[in-house]
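Text of the file upload_10.txt, holding compact mmCIF, N, CA and C atoms:
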```txt
# COMPACT_ATOMS: atom_id res chain seq x y z
N MET A 1 3.61 -12.52 -16.93
CA MET A 1 3.25 -13.71 -16.18
C MET A 1 4.25 -13.88 -15.04
N ILE A 2 3.73 -14.27 -13.91
CA ILE A 2 4.61 -14.59 -12.78
C ILE A 2 4.86 -16.09 -12.81
N ARG A 3 6.06 -16.42 -13.17
CA ARG A 3 6.45 -17.82 -13.27
C ARG A 3 6.81 -18.32 -11.87
N PRO A 4 6.34 -19.48 -11.46
CA PRO A 4 6.76 -20.02 -10.16
C PRO A 4 8.29 -20.05 -10.08
N LEU A 5 8.80 -19.66 -8.94
CA LEU A 5 10.24 -19.50 -8.77
C LEU A 5 11.02 -20.76 -9.15
N GLU A 6 10.47 -21.92 -8.85
CA GLU A 6 11.19 -23.16 -9.17
C GLU A 6 11.31 -23.40 -10.68
N TYR A 7 10.50 -22.68 -11.47
CA TYR A 7 10.57 -22.83 -12.93
C TYR A 7 11.34 -21.70 -13.60
N CYS A 8 11.87 -20.80 -12.83
CA CYS A 8 12.70 -19.73 -13.38
C CYS A 8 14.10 -20.28 -13.61
N VAL A 9 14.44 -20.44 -14.89
CA VAL A 9 15.74 -21.03 -15.22
C VAL A 9 16.66 -20.05 -15.93
N SER A 10 16.20 -18.80 -16.05
CA SER A 10 17.05 -17.78 -16.67
C SER A 10 16.71 -16.42 -16.07
N SER A 11 17.61 -15.48 -16.30
CA SER A 11 17.36 -14.13 -15.79
C SER A 11 16.17 -13.49 -16.51
N GLN A 12 15.90 -13.93 -17.73
CA GLN A 12 14.72 -13.43 -18.45
C GLN A 12 13.43 -13.84 -17.74
N HIS A 13 13.38 -15.06 -17.24
CA HIS A 13 12.21 -15.52 -16.49
C HIS A 13 12.03 -14.68 -15.22
N ILE A 14 13.13 -14.46 -14.53
CA ILE A 14 13.10 -13.66 -13.29
C ILE A 14 12.64 -12.24 -13.61
N ASN A 15 13.24 -11.61 -14.61
CA ASN A 15 12.90 -10.23 -14.96
C ASN A 15 11.45 -10.09 -15.41
N ALA A 16 10.96 -11.04 -16.19
CA ALA A 16 9.56 -10.98 -16.63
C ALA A 16 8.61 -11.10 -15.45
N SER A 17 8.94 -11.96 -14.51
CA SER A 17 8.09 -12.11 -13.32
C SER A 17 8.12 -10.85 -12.47
N ILE A 18 9.30 -10.26 -12.28
CA ILE A 18 9.41 -9.01 -11.52
C ILE A 18 8.63 -7.90 -12.19
N ASP A 19 8.72 -7.80 -13.51
CA ASP A 19 7.95 -6.77 -14.23
C ASP A 19 6.45 -6.96 -14.02
N THR A 20 5.99 -8.19 -14.04
CA THR A 20 4.57 -8.46 -13.81
C THR A 20 4.17 -8.09 -12.39
N ILE A 21 5.01 -8.45 -11.43
CA ILE A 21 4.73 -8.09 -10.03
C ILE A 21 4.65 -6.58 -9.88
N ASP A 22 5.61 -5.85 -10.45
CA ASP A 22 5.61 -4.39 -10.37
C ASP A 22 4.35 -3.80 -10.97
N SER A 23 3.94 -4.33 -12.11
CA SER A 23 2.72 -3.86 -12.76
C SER A 23 1.50 -4.09 -11.88
N ARG A 24 1.45 -5.24 -11.26
CA ARG A 24 0.31 -5.55 -10.37
C ARG A 24 0.31 -4.66 -9.13
N ILE A 25 1.50 -4.35 -8.61
CA ILE A 25 1.58 -3.44 -7.46
C ILE A 25 0.96 -2.10 -7.82
N VAL A 26 1.33 -1.56 -8.97
CA VAL A 26 0.80 -0.27 -9.40
C VAL A 26 -0.71 -0.37 -9.64
N GLU A 27 -1.14 -1.45 -10.26
CA GLU A 27 -2.58 -1.66 -10.49
C GLU A 27 -3.34 -1.69 -9.16
N LEU A 28 -2.79 -2.39 -8.18
CA LEU A 28 -3.45 -2.47 -6.88
C LEU A 28 -3.43 -1.14 -6.14
N LEU A 29 -2.38 -0.35 -6.30
CA LEU A 29 -2.35 0.98 -5.69
C LEU A 29 -3.45 1.86 -6.27
N ALA A 30 -3.63 1.80 -7.59
CA ALA A 30 -4.70 2.57 -8.22
C ALA A 30 -6.06 2.10 -7.73
N LEU A 31 -6.24 0.81 -7.60
CA LEU A 31 -7.49 0.26 -7.10
C LEU A 31 -7.73 0.67 -5.65
N ARG A 32 -6.68 0.67 -4.85
CA ARG A 32 -6.77 1.09 -3.45
C ARG A 32 -7.25 2.53 -3.36
N LYS A 33 -6.69 3.38 -4.21
CA LYS A 33 -7.10 4.78 -4.23
C LYS A 33 -8.58 4.91 -4.56
N THR A 34 -9.06 4.12 -5.49
CA THR A 34 -10.47 4.13 -5.87
C THR A 34 -11.35 3.75 -4.67
N TYR A 35 -10.96 2.73 -3.94
CA TYR A 35 -11.72 2.30 -2.77
C TYR A 35 -11.70 3.37 -1.67
N ILE A 36 -10.56 3.99 -1.46
CA ILE A 36 -10.48 5.05 -0.45
C ILE A 36 -11.40 6.21 -0.82
N ASN A 37 -11.39 6.59 -2.08
CA ASN A 37 -12.26 7.68 -2.52
C ASN A 37 -13.74 7.32 -2.35
N LYS A 38 -14.09 6.08 -2.65
CA LYS A 38 -15.47 5.62 -2.45
C LYS A 38 -15.82 5.64 -0.97
N GLY A 39 -14.89 5.23 -0.13
CA GLY A 39 -15.10 5.25 1.31
C GLY A 39 -15.35 6.66 1.82
N LYS A 40 -14.62 7.63 1.28
CA LYS A 40 -14.82 9.03 1.67
C LYS A 40 -16.22 9.48 1.28
N THR A 41 -16.67 9.07 0.11
CA THR A 41 -18.01 9.42 -0.35
C THR A 41 -19.06 8.84 0.59
N LEU A 42 -18.89 7.59 0.98
CA LEU A 42 -19.85 6.94 1.87
C LEU A 42 -19.84 7.55 3.27
N ARG A 43 -18.70 8.04 3.70
CA ARG A 43 -18.61 8.67 5.02
C ARG A 43 -18.96 10.15 4.98
N GLY A 44 -19.29 10.66 3.80
CA GLY A 44 -19.63 12.07 3.69
C GLY A 44 -18.42 12.98 3.79
N GLY A 45 -17.40 12.68 3.07
CA GLY A 45 -16.20 13.51 3.09
C GLY A 45 -15.09 12.80 3.83
N GLN A 46 -14.49 13.51 4.78
CA GLN A 46 -13.33 12.95 5.45
C GLN A 46 -13.59 12.66 6.92
N ASP A 47 -14.85 12.60 7.35
CA ASP A 47 -15.18 12.25 8.72
C ASP A 47 -14.61 10.88 9.04
N GLY A 48 -14.00 10.76 10.16
CA GLY A 48 -13.47 9.47 10.59
C GLY A 48 -12.17 9.09 9.93
N GLU A 49 -11.63 9.96 9.09
CA GLU A 49 -10.42 9.63 8.35
C GLU A 49 -9.24 9.36 9.28
N GLN A 50 -9.10 10.16 10.32
CA GLN A 50 -7.98 9.98 11.24
C GLN A 50 -8.08 8.63 11.93
N ASN A 51 -9.29 8.20 12.30
CA ASN A 51 -9.47 6.89 12.93
C ASN A 51 -9.09 5.77 11.97
N VAL A 52 -9.45 5.90 10.70
CA VAL A 52 -9.09 4.90 9.69
C VAL A 52 -7.58 4.81 9.58
N ILE A 53 -6.91 5.96 9.56
CA ILE A 53 -5.45 5.97 9.44
C ILE A 53 -4.84 5.26 10.64
N ARG A 54 -5.33 5.54 11.84
CA ARG A 54 -4.81 4.92 13.05
C ARG A 54 -4.98 3.40 12.98
N ASN A 55 -6.14 2.93 12.51
CA ASN A 55 -6.37 1.49 12.40
C ASN A 55 -5.43 0.85 11.39
N LEU A 56 -5.20 1.53 10.26
CA LEU A 56 -4.30 0.99 9.26
C LEU A 56 -2.88 0.90 9.79
N THR A 57 -2.46 1.91 10.54
CA THR A 57 -1.11 1.93 11.08
C THR A 57 -0.86 0.73 11.98
N SER A 58 -1.84 0.36 12.78
CA SER A 58 -1.65 -0.80 13.66
C SER A 58 -1.57 -2.10 12.86
N ASN A 59 -2.13 -2.12 11.67
CA ASN A 59 -2.08 -3.33 10.84
C ASN A 59 -0.75 -3.48 10.10
N TYR A 60 0.02 -2.41 9.96
CA TYR A 60 1.28 -2.49 9.23
C TYR A 60 2.24 -3.49 9.87
N ALA A 61 2.32 -3.47 11.19
CA ALA A 61 3.22 -4.40 11.88
C ALA A 61 2.78 -5.85 11.63
N LEU A 62 1.48 -6.08 11.64
CA LEU A 62 0.98 -7.43 11.37
C LEU A 62 1.29 -7.87 9.94
N LEU A 63 1.10 -6.95 9.00
CA LEU A 63 1.42 -7.27 7.60
C LEU A 63 2.91 -7.56 7.43
N ALA A 64 3.73 -6.74 8.04
CA ALA A 64 5.17 -6.93 7.94
C ALA A 64 5.57 -8.30 8.48
N LYS A 65 5.05 -8.63 9.65
CA LYS A 65 5.38 -9.91 10.27
C LYS A 65 4.88 -11.07 9.42
N LYS A 66 3.67 -10.94 8.89
CA LYS A 66 3.09 -12.02 8.07
C LYS A 66 3.96 -12.37 6.87
N PHE A 67 4.56 -11.33 6.27
CA PHE A 67 5.37 -11.55 5.06
C PHE A 67 6.87 -11.45 5.33
N ASN A 68 7.23 -11.49 6.61
CA ASN A 68 8.64 -11.49 7.02
C ASN A 68 9.42 -10.30 6.43
N LEU A 69 8.83 -9.10 6.59
CA LEU A 69 9.46 -7.87 6.14
C LEU A 69 9.62 -6.92 7.33
N PRO A 70 10.59 -6.01 7.26
CA PRO A 70 10.79 -5.06 8.36
C PRO A 70 9.58 -4.13 8.52
N THR A 71 9.11 -3.97 9.75
CA THR A 71 7.94 -3.14 10.03
C THR A 71 8.14 -1.71 9.56
N GLU A 72 9.31 -1.12 9.83
CA GLU A 72 9.56 0.26 9.41
C GLU A 72 9.46 0.42 7.90
N PHE A 73 9.93 -0.57 7.17
CA PHE A 73 9.86 -0.54 5.71
C PHE A 73 8.42 -0.48 5.24
N ILE A 74 7.57 -1.35 5.81
CA ILE A 74 6.16 -1.38 5.44
C ILE A 74 5.46 -0.10 5.86
N GLN A 75 5.75 0.40 7.06
CA GLN A 75 5.15 1.65 7.51
C GLN A 75 5.52 2.81 6.59
N THR A 76 6.77 2.86 6.18
CA THR A 76 7.23 3.93 5.29
C THR A 76 6.51 3.87 3.95
N ILE A 77 6.38 2.68 3.41
CA ILE A 77 5.68 2.53 2.12
C ILE A 77 4.24 3.02 2.24
N PHE A 78 3.53 2.56 3.26
CA PHE A 78 2.13 2.96 3.40
C PHE A 78 1.98 4.44 3.73
N GLN A 79 2.94 5.01 4.46
CA GLN A 79 2.88 6.44 4.74
C GLN A 79 3.01 7.23 3.43
N GLU A 80 3.89 6.80 2.57
CA GLU A 80 4.04 7.47 1.27
C GLU A 80 2.78 7.32 0.42
N ILE A 81 2.17 6.15 0.48
CA ILE A 81 0.92 5.92 -0.26
C ILE A 81 -0.16 6.87 0.27
N GLU A 82 -0.28 6.94 1.59
CA GLU A 82 -1.29 7.82 2.19
C GLU A 82 -1.01 9.29 1.86
N ASN A 83 0.25 9.69 1.88
CA ASN A 83 0.59 11.07 1.54
C ASN A 83 0.21 11.40 0.10
N TYR A 84 0.32 10.43 -0.78
CA TYR A 84 -0.06 10.64 -2.18
C TYR A 84 -1.58 10.69 -2.33
N ILE A 85 -2.26 9.71 -1.75
CA ILE A 85 -3.70 9.61 -1.91
C ILE A 85 -4.42 10.73 -1.16
N ASN A 86 -3.92 11.10 -0.01
CA ASN A 86 -4.53 12.13 0.82
C ASN A 86 -3.51 13.23 1.10
N PRO A 87 -3.21 14.07 0.13
CA PRO A 87 -2.16 15.08 0.32
C PRO A 87 -2.46 16.07 1.43
N ASP A 88 -3.70 16.13 1.89
CA ASP A 88 -4.03 17.06 2.97
C ASP A 88 -3.68 16.51 4.35
N PHE A 89 -3.17 15.27 4.45
CA PHE A 89 -2.74 14.74 5.75
C PHE A 89 -1.75 15.69 6.41
N ILE A 90 -0.75 16.09 5.64
CA ILE A 90 0.32 16.89 6.20
C ILE A 90 -0.21 18.26 6.61
N THR A 91 -1.04 18.88 5.77
CA THR A 91 -1.55 20.20 6.12
C THR A 91 -2.50 20.15 7.31
N LYS A 92 -3.15 19.01 7.53
CA LYS A 92 -4.06 18.87 8.68
C LYS A 92 -3.34 18.34 9.91
N GLY A 93 -2.08 17.96 9.76
CA GLY A 93 -1.33 17.45 10.89
C GLY A 93 -1.64 16.00 11.22
N TYR A 94 -2.09 15.23 10.23
CA TYR A 94 -2.43 13.83 10.48
C TYR A 94 -1.26 12.88 10.27
N GLU A 95 -0.11 13.40 9.86
CA GLU A 95 0.99 12.49 9.56
C GLU A 95 1.36 11.70 10.79
N GLN A 96 1.73 10.46 10.59
CA GLN A 96 2.13 9.57 11.67
C GLN A 96 3.63 9.71 11.87
N LYS A 97 4.05 9.76 13.11
CA LYS A 97 5.48 9.88 13.38
C LYS A 97 5.97 8.67 14.13
```
Entire entry expressed as structure tokens:
Amino acid sequence: MIRPLEYCVSSQHINASIDTIDSRIVELLALRKTYINKGKTLRGGQDGEQNVIRNLTSNYALLAKKFNLPTEFIQTIFQEIENYINPDFITKGYEQK
């Protein structure tokens, strides 16, 4: 359970909330992969994949700003996610620099 921060009165409360957040992050990453795979199926393989990657990259800065996080940090995280979900990015030369 993610306890509202104002009700965290011990390190156990904090740790339990962090564990729940971490679990949800992993759950959402798995769900994201499922949606990407479905999207590939609907597009007939990997057509348009590079355009999708380019669009996502432009959104990283907006996401970072929205949540007051460093843009490079968010870009690095999503690049690693993309490299895992689509390991052929690197072999096709789609990696973002």
Selected residue, from A:Tyr60, A:Asp19, A:His13, A:Leu42, that lies nearest to Glu72 (chain A) when counting all atoms listed in the file:
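Result for the nearest residue to Glu72 (chain A): A:Tyr60.
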Kindly provide, as JSON, the centre and edge lengths (Å, one decimal) of an axis-aligned box around all atoms of region 4-15 of chain A given in the file, with 4 Å on each side.
```
{"center_x": 12.0, "center_y": -16.7, "center_z": -13.6, "size_x": 19.3, "size_y": 21.3, "size_z": 17.7}
```
State, in Å with one decimal place, the distance from atom N of Asp22 (chain A) to atom N of Arg3 (chain A).
10.9 Å
Point-to-point distance from atom C of Ile25 (chain A) to atom C of Gly39 (chain A), Å rounded to tenths:
20.9 Å
Between CA of Leu62 (chain A) and CA of Ile74 (chain A), what is the spacing in Å?
9.9 Å
Pick out the closest residue to Ile21 (chain A) from this set: A:Phe67, A:Ile2, A:Asn83, A:Thr76. Count only N, CA and C atoms.
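Of A:Phe67, A:Ile2, A:Asn83, A:Thr76, the one nearest Ile21 (chain A) is A:Ile2, counting only N, CA and C atoms.
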